[in-house]
Every structure is written in C-alpha cells, then in structure tokens.
$ cat target-v4.json   # JSON, C-alpha atoms and all ligand atoms
[["chain", "number", "residue", "atom", "x", "y", "z"],
["A", 9, "MET", "CA", 147.77, -65.35, 139.47],
["A", 10, "ARG", "CA", 146.96, -69.01, 139.97],
["A", 11, "ILE", "CA", 144.28, -71.34, 138.62],
["A", 12, "VAL", "CA", 143.65, -75.01, 139.22],
["A", 13, "ILE", "CA", 142.26, -77.17, 136.42],
["A", 14, "ALA", "CA", 141.09, -80.74, 136.86],
["A", 15, "SER", "CA", 141.92, -82.86, 133.82],
["A", 16, "LYS", "CA", 139.86, -86.04, 133.49],
["A", 17, "SER", "CA", 141.71, -87.52, 130.49],
["A", 18, "SER", "CA", 144.80, -87.15, 128.34],
["A", 19, "GLU", "CA", 142.54, -85.47, 125.74],
["A", 20, "GLU", "CA", 141.68, -82.78, 128.29],
["A", 21, "THR", "CA", 145.36, -82.28, 129.08],
["A", 22, "LEU", "CA", 146.02, -81.97, 125.34],
["A", 23, "ARG", "CA", 143.32, -79.28, 125.14],
["A", 24, "ILE", "CA", 144.83, -77.33, 128.05],
["A", 25, "GLY", "CA", 148.15, -77.56, 126.22],
["A", 26, "ARG", "CA", 146.60, -76.37, 122.98],
["A", 27, "ILE", "CA", 145.18, -73.32, 124.76],
["A", 28, "ILE", "CA", 148.59, -72.59, 126.31],
["A", 29, "GLY", "CA", 150.19, -72.90, 122.86],
["A", 30, "GLU", "CA", 147.55, -70.67, 121.21],
["A", 31, "THR", "CA", 148.02, -67.91, 123.78],
["A", 32, "ALA", "CA", 151.83, -68.12, 123.92],
["A", 33, "SER", "CA", 153.90, -65.18, 122.77],
["A", 34, "PRO", "CA", 157.53, -64.95, 121.60],
["A", 35, "GLY", "CA", 160.03, -65.57, 124.39],
["A", 36, "GLU", "CA", 157.54, -67.35, 126.65],
["A", 37, "VAL", "CA", 159.02, -69.95, 129.00],
["A", 38, "ILE", "CA", 156.72, -72.68, 130.31],
["A", 39, "ALA", "CA", 158.03, -74.65, 133.30],
["A", 40, "LEU", "CA", 156.46, -78.08, 133.80],
["A", 41, "VAL", "CA", 156.73, -79.58, 137.25],
["A", 42, "GLY", "CA", 155.41, -83.04, 138.09],
["A", 43, "GLU", "CA", 156.35, -86.61, 138.86],
["A", 44, "LEU", "CA", 156.92, -89.37, 136.29],
["A", 45, "GLY", "CA", 153.88, -90.00, 134.10],
["A", 46, "THR", "CA", 151.82, -87.03, 135.24],
["A", 47, "GLY", "CA", 151.41, -85.77, 131.66],
["A", 48, "LYS", "CA", 154.23, -83.30, 131.01],
["A", 49, "THR", "CA", 154.92, -84.67, 127.53],
["A", 50, "CYS", "CA", 151.18, -84.97, 126.83],
["A", 51, "LEU", "CA", 150.74, -81.29, 127.75],
["A", 52, "THR", "CA", 153.71, -80.39, 125.51],
["A", 53, "GLN", "CA", 152.05, -82.24, 122.60],
["A", 54, "GLY", "CA", 149.04, -79.99, 123.09],
["A", 55, "ILE", "CA", 151.24, -76.88, 123.27],
["A", 56, "ALA", "CA", 152.85, -77.93, 119.98],
["A", 57, "ARG", "CA", 149.41, -78.19, 118.34],
["A", 58, "GLY", "CA", 148.50, -74.77, 119.72],
["A", 59, "LEU", "CA", 151.69, -73.39, 118.17],
["A", 60, "ALA", "CA", 150.74, -74.99, 114.85],
["A", 61, "VAL", "CA", 153.70, -77.36, 114.76],
["A", 62, "PRO", "CA", 152.85, -79.58, 111.76],
["A", 63, "GLU", "CA", 151.25, -82.92, 112.68],
["A", 64, "ALA", "CA", 154.10, -84.65, 110.86],
["A", 65, "TYR", "CA", 156.35, -83.92, 113.84],
["A", 66, "PRO", "CA", 155.81, -86.38, 116.66],
["A", 67, "ILE", "CA", 156.54, -84.69, 119.99],
["A", 68, "THR", "CA", 158.56, -87.09, 122.09],
["A", 69, "SER", "CA", 160.74, -86.37, 125.08],
["A", 70, "PRO", "CA", 164.26, -85.36, 124.04],
["A", 71, "THR", "CA", 165.80, -87.79, 126.52],
["A", 72, "PHE", "CA", 169.27, -87.97, 125.06],
["A", 73, "THR", "CA", 169.59, -84.53, 123.54],
["A", 74, "LEU", "CA", 168.14, -82.30, 126.33],
["A", 75, "ILE", "CA", 166.26, -80.35, 123.68],
["A", 76, "ASN", "CA", 164.18, -80.85, 120.54],
["A", 77, "GLU", "CA", 163.29, -77.91, 118.35],
["A", 78, "TYR", "CA", 160.15, -77.78, 116.19],
["A", 79, "PRO", "CA", 158.95, -75.21, 113.66],
["A", 80, "GLY", "CA", 155.53, -73.65, 114.21],
["A", 81, "ARG", "CA", 153.70, -70.29, 114.39],
["A", 82, "LEU", "CA", 156.58, -69.69, 116.80],
["A", 83, "PRO", "CA", 159.45, -72.16, 117.16],
["A", 84, "LEU", "CA", 159.00, -74.64, 120.02],
["A", 85, "TYR", "CA", 162.03, -75.53, 122.14],
["A", 86, "HIS", "CA", 161.20, -78.66, 124.14],
["A", 87, "PHE", "CA", 163.61, -79.42, 126.98],
["A", 88, "ASP", "CA", 163.50, -82.55, 129.12],
["A", 89, "ILE", "CA", 166.12, -82.23, 131.81],
["A", 90, "TYR", "CA", 165.38, -85.43, 133.74],
["A", 91, "ARG", "CA", 168.91, -86.64, 133.06],
["A", 92, "LEU", "CA", 170.60, -83.32, 133.62],
["A", 93, "GLU", "CA", 173.78, -83.68, 135.69],
["A", 94, "GLY", "CA", 173.85, -80.05, 136.78],
["A", 95, "ALA", "CA", 173.07, -76.52, 135.67],
["A", 96, "SER", "CA", 176.46, -76.40, 133.92],
["A", 97, "ASP", "CA", 175.10, -78.84, 131.30],
["A", 98, "LEU", "CA", 172.58, -76.19, 130.37],
["A", 99, "GLU", "CA", 175.14, -73.42, 130.47],
["A", 100, "ASP", "CA", 177.38, -75.43, 128.13],
["A", 101, "MET", "CA", 174.60, -75.76, 125.56],
["A", 102, "GLY", "CA", 173.80, -72.04, 125.60],
["A", 103, "TYR", "CA", 170.33, -72.32, 127.13],
["A", 104, "GLU", "CA", 169.99, -68.52, 127.20],
["A", 105, "ASP", "CA", 169.63, -68.46, 123.42],
["A", 106, "TYR", "CA", 166.45, -70.51, 123.91],
["A", 107, "PHE", "CA", 165.06, -69.07, 127.16],
["A", 108, "TYR", "CA", 165.56, -65.52, 125.92],
["A", 109, "GLY", "CA", 164.96, -66.22, 122.22],
["A", 110, "GLU", "CA", 161.92, -65.57, 120.03],
["A", 111, "GLY", "CA", 160.43, -69.03, 120.34],
["A", 112, "VAL", "CA", 158.46, -70.74, 123.10],
["A", 113, "THR", "CA", 160.43, -72.85, 125.59],
["A", 114, "VAL", "CA", 158.83, -75.79, 127.40],
["A", 115, "ILE", "CA", 160.88, -77.48, 130.14],
["A", 116, "GLU", "CA", 160.00, -80.85, 131.69],
["A", 117, "TRP", "CA", 161.41, -81.23, 135.24],
["A", 118, "ALA", "CA", 161.86, -77.46, 135.46],
["A", 119, "GLU", "CA", 162.14, -77.57, 139.27],
["A", 120, "ARG", "CA", 165.75, -78.68, 138.70],
["A", 121, "VAL", "CA", 166.73, -75.34, 137.20],
["A", 122, "LEU", "CA", 164.51, -72.88, 139.09],
["A", 123, "PRO", "CA", 167.25, -70.23, 139.48],
["A", 124, "LEU", "CA", 167.77, -70.14, 135.70],
["A", 125, "LEU", "CA", 164.12, -69.47, 134.80],
["A", 126, "PRO", "CA", 163.34, -65.95, 133.56],
["A", 127, "ALA", "CA", 160.94, -63.63, 135.37],
["A", 128, "GLY", "CA", 157.48, -64.11, 133.90],
["A", 129, "THR", "CA", 157.85, -67.88, 133.47],
["A", 130, "LEU", "CA", 154.49, -69.69, 133.29],
["A", 131, "PHE", "CA", 154.50, -72.59, 135.75],
["A", 132, "VAL", "CA", 152.36, -75.68, 135.35],
["A", 133, "ASP", "CA", 152.35, -78.15, 138.23],
["A", 134, "LEU", "CA", 150.90, -81.55, 137.40],
["A", 135, "VAL", "CA", 149.72, -83.89, 140.14],
["A", 136, "TYR", "CA", 148.50, -87.46, 139.70],
["A", 137, "GLN", "CA", 144.96, -87.96, 141.08],
["A", 138, "GLY", "CA", 143.97, -91.29, 139.56],
["A", 139, "GLU", "CA", 144.54, -93.38, 136.47],
["A", 140, "HIS", "CA", 143.04, -90.75, 134.16],
["A", 141, "GLU", "CA", 142.90, -87.74, 136.44],
["A", 142, "ARG", "CA", 145.46, -85.02, 136.93],
["A", 143, "GLU", "CA", 145.33, -81.71, 138.73],
["A", 144, "LEU", "CA", 147.06, -78.89, 136.86],
["A", 145, "THR", "CA", 147.96, -75.70, 138.72],
["A", 146, "LEU", "CA", 148.95, -72.78, 136.50],
["A", 147, "VAL", "CA", 150.84, -69.83, 137.95],
["A", 148, "GLY", "CA", 151.83, -66.84, 135.87],
["A", 149, "ASN", "CA", 151.01, -63.29, 134.94],
["A", 150, "GLU", "CA", 147.42, -62.26, 135.45],
["A", 151, "GLU", "CA", 146.60, -61.38, 131.85],
["A", 152, "LEU", "CA", 147.87, -64.67, 130.45],
["A", 153, "ILE", "CA", 146.32, -66.87, 133.12],
["A", 154, "GLY", "CA", 143.02, -64.98, 132.69],
["A", 155, "LYS", "CA", 143.05, -65.67, 128.93],
["A", 156, "ILE", "CA", 143.85, -69.35, 129.42],
["A", 157, "ASN", "CA", 141.12, -69.69, 132.04],
["A", 158, "ASN", "CA", 138.51, -68.05, 129.79],
["A", 159, "LEU", "CA", 139.35, -70.27, 126.82],
["A", 160, "TRP", "CA", 139.25, -73.36, 129.03],
["A", 161, "LYS", "CA", 135.83, -72.43, 130.47],
["A", 162, "GLU", "CA", 134.39, -71.43, 127.10],
["A", 163, "GLY", "CA", 135.49, -74.72, 125.62],
["A", 164, "GLY", "CA", 137.68, -72.87, 123.11],
["A", 165, "CYS", "CA", 140.73, -74.09, 121.13],
["B", 1, "LIG", "N1", 144.41, -86.64, 132.49],
["B", 1, "LIG", "C1", 145.56, -87.05, 131.93],
["B", 1, "LIG", "N2", 146.46, -86.14, 131.50],
["B", 1, "LIG", "C2", 147.64, -86.53, 130.96],
["B", 1, "LIG", "N3", 148.01, -87.81, 130.79],
["B", 1, "LIG", "C3", 147.15, -88.75, 131.19],
["B", 1, "LIG", "C4", 145.90, -88.41, 131.78],
["B", 1, "LIG", "N4", 145.25, -89.57, 132.09],
["B", 1, "LIG", "C5", 146.05, -90.55, 131.71],
["B", 1, "LIG", "N5", 147.18, -90.10, 131.18],
["B", 1, "LIG", "C6", 148.28, -90.93, 130.69],
["B", 1, "LIG", "O1", 149.41, -90.66, 131.51],
["B", 1, "LIG", "C7", 150.59, -90.76, 130.72],
["B", 1, "LIG", "C8", 151.34, -89.47, 130.80],
["B", 1, "LIG", "O2", 152.54, -89.65, 130.14],
["B", 1, "LIG", "P1", 153.54, -88.47, 129.80],
["B", 1, "LIG", "O3", 154.66, -89.11, 129.05],
["B", 1, "LIG", "O4", 152.83, -87.33, 129.19],
["B", 1, "LIG", "O5", 154.03, -88.05, 131.28],
["B", 1, "LIG", "P2", 155.36, -87.29, 131.67],
["B", 1, "LIG", "O6", 154.99, -86.46, 132.84],
["B", 1, "LIG", "O7", 155.92, -86.61, 130.49],
["B", 1, "LIG", "O8", 156.31, -88.47, 132.10],
["B", 1, "LIG", "P3", 157.91, -88.45, 132.25],
["B", 1, "LIG", "O9", 158.18, -87.94, 133.63],
["B", 1, "LIG", "O10", 158.29, -89.88, 132.09],
["B", 1, "LIG", "O11", 158.48, -87.55, 131.19],
["B", 1, "LIG", "C9", 150.16, -91.10, 129.31],
["B", 1, "LIG", "O12", 150.20, -92.49, 129.12],
["B", 1, "LIG", "C10", 148.72, -90.60, 129.27],
["B", 1, "LIG", "O13", 147.90, -91.30, 128.35],
["B", 2, "MG", "MG", 157.82, -86.64, 129.60]]
$ encode --input "target-v4.json" --output "structure tokens" --more "lines below"
Ligand SMILES: Nc1ncnc2c1ncn2[C@@H]1O[C@H](COP(=O)(O)OP(=O)(O)OP(=O)(O)O)[C@@H](O)[C@H]1O
Ligand SMILES: [Mg+2]
Amino acid sequence: MRIVIASKSSEETLRIGRIIGETASPGEVIALVGELGTGKTCLTQGIARGLAVPEAYPITSPTFTLINEYPGRLPLYHFDIYRLEGASDLEDMGYEDYFYGEGVTVIEWAERVLPLLPAGTLFVDLVYQGEHERELTLVGNEELIGKINNLWKEGGC
C-alpha cells in the first residue's frame, strides 16, 4: 500500500516521523530514500521521539560510524550509508544483527542497499518541493500504512 503526504514544514516532517515511531514494532526496518537535505535526518528525529528515545540524545547523522544506536521503547538503530563503499562494509559490521534484531532500524540512503533490505521494509521516499515543502511517499504493508495514515489525518501523535 502507498500513501503520499505533503509536508509543509520540518515540524510536519517531525510529526510524520513521530507517528512512524509510535506505530513501529520490533524488527521493523524503515528505508529512507531522498536527495541531500530532503529531511531524512529530520524524519529520523521524529521517529526517535515516537520511540520514546530520551530528549537528552540528539539524533545526528552517524556519518563516520555508519550507525548510531539509541535506547527507547524499542532500541533505534540509525544508519546513514552515504559514505558506504560497498555492501561488504555492511556485511563486515554484521548488519543482519540490526536488520533482523528486536529494535527499529532506520537507514538513510537505503537505495544503496536495496538487495539487503528485508521483506516488509517500510519505504519512505522524500522529494524536495520548495524551501519548506517536501513530498513523502510511504510504501509498506497495508495495516501499518493504514494506521499511519489515520493518525496523520486525525492529527494524532
Ligand atoms: N518540510 C520539511 N521537512 C523536512 N525538512 C525540512 C522541511 N522544510 C525545510 N526543511 C529543512 O531541510 C533540512 C533537512 O535536513 P536533513 O538533515 O533532515 O536532510 P537529510 O535528507 O538528512 O540530508 P542529508 O542527505 O545531508 O543526510 C533541514 O534544515 C530542515 O529544517
Ligand atoms: Mg541526513
């Protein structure tokens, strides 16, 4: 199932993220696809809030480490693979323990590792529309996308 959400500000993108974090279950993988500055890290900050990662943890892109891990209602594994040399980098770090673990995995630049993503991955495509506008397309299983859509429309989270 697929829904398109127009975000008019970084606050709205944070709210979409918060809804995604609130509805996430153990082992969920969230693949973020979008050009530089489209809001992937902003969305991840919202996901972290939705997973109840304490405010004391600033969510910044793990540029030099590939992954940052945060405690929350479920652990959050935040990958940013912009600088990835090849899939073997991920294999070397044991990515399967994260992708198939009990936490929630968020991957910036996920299009670079499409073949490694588990079935059931939630995809979020972010497209720049203007200085403060982004179009987010969510693709995933019907039940989850339905829940996210309802919360977004009801103004929840
Ligand atoms: N509607 C919006 N949603 C998200 N971010 C927005 C929006 N409008 C403006 N912005 C701004 O766009 C920037 C997005 O930056 P962010 O670091 O989240 O992007 P990114 O996709 O992670 O970039 P990178 O590819 O460098 O990792 C922020 O400065 C944010 O304030
Ligand atoms: Mg980023």
$ atom_distance --input "target-v4.json" --atom1 "atom CA of Ile38 of chain A" --atom2 "atom CA of Ala118 of chain A"
8.7 Å
$ closest_atom_pairs --input "target-v4.json" --of "chain A" --to "ligand LIG 1 (chain B)" --cutoff "6 Å" --atoms "only C-alpha atoms and all ligand atoms" --output "Markdown table"
| residue | atom | partner | partner_atom | distance |
| --- | --- | --- | --- | --- |
| A:Ser15 | CA | B:LIG1 | N1 | 4.7 |
| A:Lys16 | CA | B:LIG1 | N1 | 4.7 |
| A:Ser17 | CA | B:LIG1 | N1 | 3.5 |
| A:Ser18 | CA | B:LIG1 | C1 | 3.7 |
| A:Thr21 | CA | B:LIG1 | N2 | 4.7 |
| A:Glu43 | CA | B:LIG1 | O9 | 5.7 |
| A:Leu44 | CA | B:LIG1 | O9 | 3.3 |
| A:Gly45 | CA | B:LIG1 | O5 | 3.4 |
| A:Thr46 | CA | B:LIG1 | O6 | 4.0 |
| A:Gly47 | CA | B:LIG1 | O4 | 3.2 |
| A:Lys48 | CA | B:LIG1 | O6 | 3.7 |
| A:Thr49 | CA | B:LIG1 | O7 | 3.7 |
| A:Cys50 | CA | B:LIG1 | O4 | 3.7 |
| A:Glu139 | CA | B:LIG1 | C5 | 5.7 |
| A:His140 | CA | B:LIG1 | N4 | 3.2 |
| A:Glu141 | CA | B:LIG1 | N1 | 4.4 |
| A:Arg142 | CA | B:LIG1 | N1 | 4.8 |
$ closest_atom_pairs --input "target-v4.json" --of "chain A" --to "ligand MG 2 (chain B)" --cutoff "12 Å" --atoms "all atoms listed in the file" --output "Markdown table"
| residue | atom | partner | partner_atom | distance |
| --- | --- | --- | --- | --- |
| A:Leu40 | CA | B:MG2 | MG | 9.6 |
| A:Val41 | CA | B:MG2 | MG | 10.5 |
| A:Gly42 | CA | B:MG2 | MG | 9.5 |
| A:Glu43 | CA | B:MG2 | MG | 9.4 |
| A:Leu44 | CA | B:MG2 | MG | 7.3 |
| A:Gly45 | CA | B:MG2 | MG | 6.9 |
| A:Thr46 | CA | B:MG2 | MG | 8.2 |
| A:Gly47 | CA | B:MG2 | MG | 6.8 |
| A:Lys48 | CA | B:MG2 | MG | 5.1 |
| A:Thr49 | CA | B:MG2 | MG | 4.1 |
| A:Cys50 | CA | B:MG2 | MG | 7.4 |
| A:Leu51 | CA | B:MG2 | MG | 9.1 |
| A:Thr52 | CA | B:MG2 | MG | 8.5 |
| A:Gln53 | CA | B:MG2 | MG | 10.1 |
| A:Ile67 | CA | B:MG2 | MG | 9.9 |
| A:Thr68 | CA | B:MG2 | MG | 7.6 |
| A:Ser69 | CA | B:MG2 | MG | 5.4 |
| A:Pro70 | CA | B:MG2 | MG | 8.6 |
| A:Thr71 | CA | B:MG2 | MG | 8.6 |
| A:Leu74 | CA | B:MG2 | MG | 11.7 |
| A:His86 | CA | B:MG2 | MG | 10.2 |
| A:Phe87 | CA | B:MG2 | MG | 9.6 |
| A:Asp88 | CA | B:MG2 | MG | 7.0 |
| A:Ile89 | CA | B:MG2 | MG | 9.7 |
| A:Tyr90 | CA | B:MG2 | MG | 8.7 |
| A:Arg91 | CA | B:MG2 | MG | 11.6 |
| A:Val114 | CA | B:MG2 | MG | 11.1 |
| A:Ile115 | CA | B:MG2 | MG | 9.7 |
| A:Glu116 | CA | B:MG2 | MG | 6.5 |
| A:Trp117 | CA | B:MG2 | MG | 8.6 |
| A:Ala118 | CA | B:MG2 | MG | 11.6 |
| A:Leu134 | CA | B:MG2 | MG | 11.6 |
$ atom_distance --input "target-v4.json" --atom1 "atom CA of Thr145 of chain A" --atom2 "atom CA of Gly102 of chain A"
29.2 Å
$ closest_residue --input "target-v4.json" --among "A:Leu159, A:Phe131, A:Tyr136, A:Leu59" --to "Ala32 of chain A" --atoms "all atoms listed in the file"
A:Leu59
$ atom_distance --input "target-v4.json" --atom1 "atom CA of Gly80 of chain A" --atom2 "atom CA of Pro62 of chain A"
7.0 Å
$ closest_residue --input "target-v4.json" --among "A:Phe107, A:Gly163, A:Leu22, A:Pro34" --to "Ile75 of chain A" --atoms "all atoms listed in the file"
A:Phe107
$ axis_aligned_box --input "target-v4.json" --around "segment 144-158 of chain A" --padding-each-side "5 Å" --output "lines of an AutoDock Vina configuration file"
center_x = 145.2
center_y = -70.1
center_z = 133.8
size_x = 23.3
size_y = 27.5
size_z = 19.8
$ closest_residue --input "target-v4.json" --among "A:Gly29, A:Pro66, A:Gly54, A:Gly35" --to "Ala127 of chain A" --atoms "all atoms listed in the file"
A:Gly35
